[in-house]
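Undergrad: Here it is, the structure in full.
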Amino acid sequence: MQTLATKYRPKTWSDVTEQSLTVEILKSLCEQPELPIRNFLFVGSAGCGKTTIARLVGNMVNDNKGQIIELDAASNNGVEAIRGIVQQAMMYPIGSKYKVFILDEVHALSQAAWQILLKPLEEGPAKSIFLLCTTNPEKIPATILSRVQTFQFSKISLSGISNRLKYVLDSEVAEGRTITYSDEAVNYIAKLAQGGMRDALTLLDKALAYNTDISMENITKALNLPEYSMYFEL
């Protein structure tokens, strides 16, 4: 069974919660006959939509054709992993307009790996697009920062998360699940997520696994939290 975070990951621009200015700019860029920017850096806290929007960019520039190549730099941060990406970038895409690479948690790359990536970012080989995502831009070398277009993502607002959670719950009910919820309980989950949509959906998943009645009492038990009033007093 899919987690809610995976099932409800936005697949179109209209599904994206907030980040409206960034979305508007990226959509405008992607609609041009030739993409004027090939190196992107998405900066923001965890769960605010960086990887999701990177995938949307990759799909839009290729009319949903071809395959996006993703690398989790947190677990593949060495020279060999990046050398493999660079070798693929040197070859022209087959069956799509661009070859798209998404490098997640890119701040984790080693210094040697950055050196290998430097030249491809500067020269833009073949028809390759690099979308780098990070929560820690201060760890990225200045030589890299000068070769990418940076987009800053903000944390998602409390109302934005709350409304998305209600949409998810209503969608699950429409599919036949027996779920009830209170606005107070949903807002509480949204507060606990602290601006991260993925965290909010993960918490909601956990709460639903305990009880499909999303109430303050059940959330407190499911998430092993202090009583509501005590939590905010602390």
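Identifiers in the structure tokens: chain A, B, ... in order shown; residue index from 1 per chain; ligand index from 1 in order shown.
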So that I can see what lies close to Gly195 (chain A), please list as a PyMOL selection string the residues with an atom at most 12 Å from it, counting only C-alpha atoms and leaving out residues fewer than 5 positions away in the same chain.

TA: chain A and resi 17-18+44-49+153-162+189-190+200-201

Undergrad: Those residues you just picked out, can you put them in a file as a short mmCIF file (atom, residue, chain, number, x, y, z; two decimals), in the first residue's frame with N, CA, C and O atoms?

TA:
data_model
loop_
_atom_site.label_atom_id
_atom_site.label_comp_id
_atom_site.auth_asym_id
_atom_site.auth_seq_id
_atom_site.Cartn_x
_atom_site.Cartn_y
_atom_site.Cartn_z
N THR A 17 1.24 22.87 -3.68
CA THR A 17 0.77 23.75 -2.61
C THR A 17 1.76 24.90 -2.43
O THR A 17 2.92 24.69 -2.13
N GLU A 18 1.26 26.12 -2.68
CA GLU A 18 2.06 27.35 -2.53
C GLU A 18 3.27 27.35 -3.46
O GLU A 18 3.24 26.76 -4.53
N GLY A 44 15.67 24.83 0.05
CA GLY A 44 14.54 24.95 0.97
C GLY A 44 14.56 23.86 2.01
O GLY A 44 15.31 22.90 1.91
N SER A 45 13.71 24.01 3.01
CA SER A 45 13.65 23.03 4.09
C SER A 45 13.03 21.72 3.59
O SER A 45 12.43 21.66 2.51
N ALA A 46 13.17 20.69 4.39
CA ALA A 46 12.66 19.36 4.00
C ALA A 46 11.14 19.39 3.82
O ALA A 46 10.42 20.01 4.60
N GLY A 47 10.68 18.73 2.76
CA GLY A 47 9.26 18.56 2.55
C GLY A 47 8.52 19.75 1.97
O GLY A 47 7.29 19.79 2.00
N CYS A 48 9.25 20.73 1.41
CA CYS A 48 8.57 21.92 0.89
C CYS A 48 8.33 21.85 -0.62
O CYS A 48 7.80 22.78 -1.21
N GLY A 49 8.75 20.75 -1.27
CA GLY A 49 8.39 20.54 -2.67
C GLY A 49 9.52 20.62 -3.67
O GLY A 49 9.28 20.66 -4.87
N PHE A 153 12.91 28.07 -1.95
CA PHE A 153 11.58 27.57 -1.60
C PHE A 153 11.28 27.93 -0.14
O PHE A 153 12.16 27.82 0.72
N SER A 154 10.06 28.34 0.13
CA SER A 154 9.68 28.69 1.50
C SER A 154 8.95 27.52 2.16
O SER A 154 8.44 26.62 1.49
N LYS A 155 8.92 27.56 3.49
CA LYS A 155 8.12 26.57 4.21
C LYS A 155 6.65 26.79 3.85
O LYS A 155 6.22 27.91 3.57
N ILE A 156 5.89 25.72 3.87
CA ILE A 156 4.47 25.81 3.52
C ILE A 156 3.70 26.33 4.74
O ILE A 156 3.96 25.92 5.87
N SER A 157 2.76 27.22 4.50
CA SER A 157 2.01 27.84 5.59
C SER A 157 1.12 26.82 6.30
O SER A 157 0.80 25.76 5.76
N LEU A 158 0.72 27.18 7.50
CA LEU A 158 -0.16 26.32 8.29
C LEU A 158 -1.47 26.05 7.54
O LEU A 158 -1.94 24.91 7.46
N SER A 159 -2.06 27.10 6.97
CA SER A 159 -3.32 26.92 6.24
C SER A 159 -3.11 26.09 4.98
O SER A 159 -3.98 25.28 4.61
N GLY A 160 -1.96 26.27 4.32
CA GLY A 160 -1.67 25.49 3.12
C GLY A 160 -1.59 24.01 3.41
O GLY A 160 -2.14 23.16 2.67
N ILE A 161 -0.90 23.65 4.50
CA ILE A 161 -0.79 22.25 4.89
C ILE A 161 -2.14 21.70 5.33
O ILE A 161 -2.54 20.60 4.93
N SER A 162 -2.84 22.47 6.14
CA SER A 162 -4.14 22.03 6.66
C SER A 162 -5.12 21.76 5.52
O SER A 162 -5.81 20.73 5.51
N ILE A 189 -2.05 18.54 13.39
CA ILE A 189 -1.05 17.83 12.59
C ILE A 189 -0.26 18.82 11.75
O ILE A 189 0.97 18.72 11.62
N ALA A 190 -0.97 19.79 11.17
CA ALA A 190 -0.31 20.80 10.34
C ALA A 190 0.71 21.60 11.15
O ALA A 190 1.80 21.92 10.67
N ALA A 200 3.87 16.26 7.32
CA ALA A 200 2.45 16.30 7.67
C ALA A 200 1.73 15.04 7.19
O ALA A 200 0.94 14.43 7.93
N LEU A 201 2.01 14.62 5.98
CA LEU A 201 1.37 13.42 5.43
C LEU A 201 1.86 12.16 6.13
O LEU A 201 1.09 11.21 6.32
#

Undergrad: From region 102-230 of chain A, collect each residue whose DSSP state is alpha helix (DSSP H) and return the set as a PyMOL selection string.

TA: chain A and resi 111-123+142-145+158-174+183-193+197-210+216-222+228-230

Undergrad: Running DSSP on the backbone, which parts of region 20-192 of chain A land in strand (DSSP E), as a list in words?

TA: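 Filtering region 20-192 of chain A down to strand (DSSP E) leaves Asn39, Phe40, Leu41, Phe42, Val43, Ile69, Glu70, Leu71, Asp72, Lys99, Val100, Phe101, Ile102, Leu103, Asp104, Ser128, Ile129, Phe130, Leu131, Leu132, Cys133, Thr134, Gln149, Thr150, Phe151, Gln152, Thr180 and Tyr181 of chain A.
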
Undergrad: Please provide as a VMD selection string all residues within 12 Å of Asp63 (chain A), with the sequence filter that same-chain residues fewer than 3 positions apart are discarded (counting only C-alpha atoms).

TA: chain A and resid 30 to 31 55 to 60 66 to 67 95 to 98

Undergrad: For the selection just defined, write its residues with C-alpha atoms to a file, as a PDB file, in the first residue's frame.

TA:
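Output saved as again-v1.pdb:
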ATOM      1  CA  CYS A  30       9.716  25.508 -19.557  1.00  0.00           C
ATOM      2  CA  GLU A  31       7.256  26.891 -22.106  1.00  0.00           C
ATOM      3  CA  ARG A  55      10.256  16.273 -11.487  1.00  0.00           C
ATOM      4  CA  LEU A  56       7.543  18.544 -12.863  1.00  0.00           C
ATOM      5  CA  VAL A  57      10.189  20.600 -14.680  1.00  0.00           C
ATOM      6  CA  GLY A  58      11.747  17.436 -16.100  1.00  0.00           C
ATOM      7  CA  ASN A  59       8.397  16.148 -17.328  1.00  0.00           C
ATOM      8  CA  MET A  60       7.274  19.491 -18.763  1.00  0.00           C
ATOM      9  CA  GLY A  66      11.883  10.034 -21.625  1.00  0.00           C
ATOM     10  CA  GLN A  67      13.176   9.087 -18.209  1.00  0.00           C
ATOM     11  CA  GLY A  95      13.135   9.634 -27.386  1.00  0.00           C
ATOM     12  CA  SER A  96      13.036  12.980 -25.600  1.00  0.00           C
ATOM     13  CA  LYS A  97      14.280  16.532 -26.087  1.00  0.00           C
ATOM     14  CA  TYR A  98      16.453  16.740 -22.976  1.00  0.00           C
TER      15      TYR A  98
END

Undergrad: Excluding Lys99 (chain A) and residues on its chain fewer than 4 positions from it, collect all residues at most 7 Å away from it, counting only C-alpha atoms, and give them as a ChimeraX atom specification.

TA: /A:89,93,127-129

Undergrad: Could you pull the residues within 10 Å of Ile102 (chain A), counting only C-alpha atoms, minus those fewer than 2 positions along the same chain, as an MDAnalysis selection string?

TA: chainID A and resid 40:41 51 54:55 58 68:73 100 104:106 129:133

Undergrad: Just the residues within 9 Å of Gln32 (chain A), please, counting only C-alpha atoms, with nothing from its chain fewer than 4 positions along; format it as a PyMOL selection string.

TA: chain A and resi 28+36+61

Undergrad: Only N, CA and C atoms, please: the residues just picked out, written as a JSON list (two decimals), in the first residue's frame.

TA:
[["chain", "number", "residue", "atom", "x", "y", "z"],
["A", 28, "SER", "N", 7.10, 29.39, -16.95],
["A", 28, "SER", "CA", 7.41, 30.30, -18.05],
["A", 28, "SER", "C", 8.68, 29.86, -18.77],
["A", 36, "PRO", "N", 16.30, 28.29, -21.60],
["A", 36, "PRO", "CA", 17.44, 29.21, -21.49],
["A", 36, "PRO", "C", 18.37, 28.89, -20.32],
["A", 61, "VAL", "N", 9.48, 19.84, -19.75],
["A", 61, "VAL", "CA", 10.38, 20.15, -20.87],
["A", 61, "VAL", "C", 10.43, 19.01, -21.89]]

Undergrad: How many Å separate CA of Gln194 (chain A) from CA of Thr6 (chain A)?

TA: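 We find that CA of Gln194 (chain A) and CA of Thr6 (chain A) lie 19.3 Å from each other.
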
Undergrad: Using only C-alpha atoms, pick whichever of A:Ala126, A:Val23, A:Val79, A:Leu121 has the shortest atom-to-atom distance to Leu109 (chain A).

TA: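 Once distances to Leu109 (chain A) are computed over only C-alpha atoms, the minimum belongs to A:Val79.
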
Undergrad: Neighbours of region 214-216 of chain A within 9 Å (only C-alpha atoms; same-chain residues fewer than 4 positions away dropped), as a ChimeraX atom specification?

TA: /A:179-186,188,204,207-208,220-221,227-228
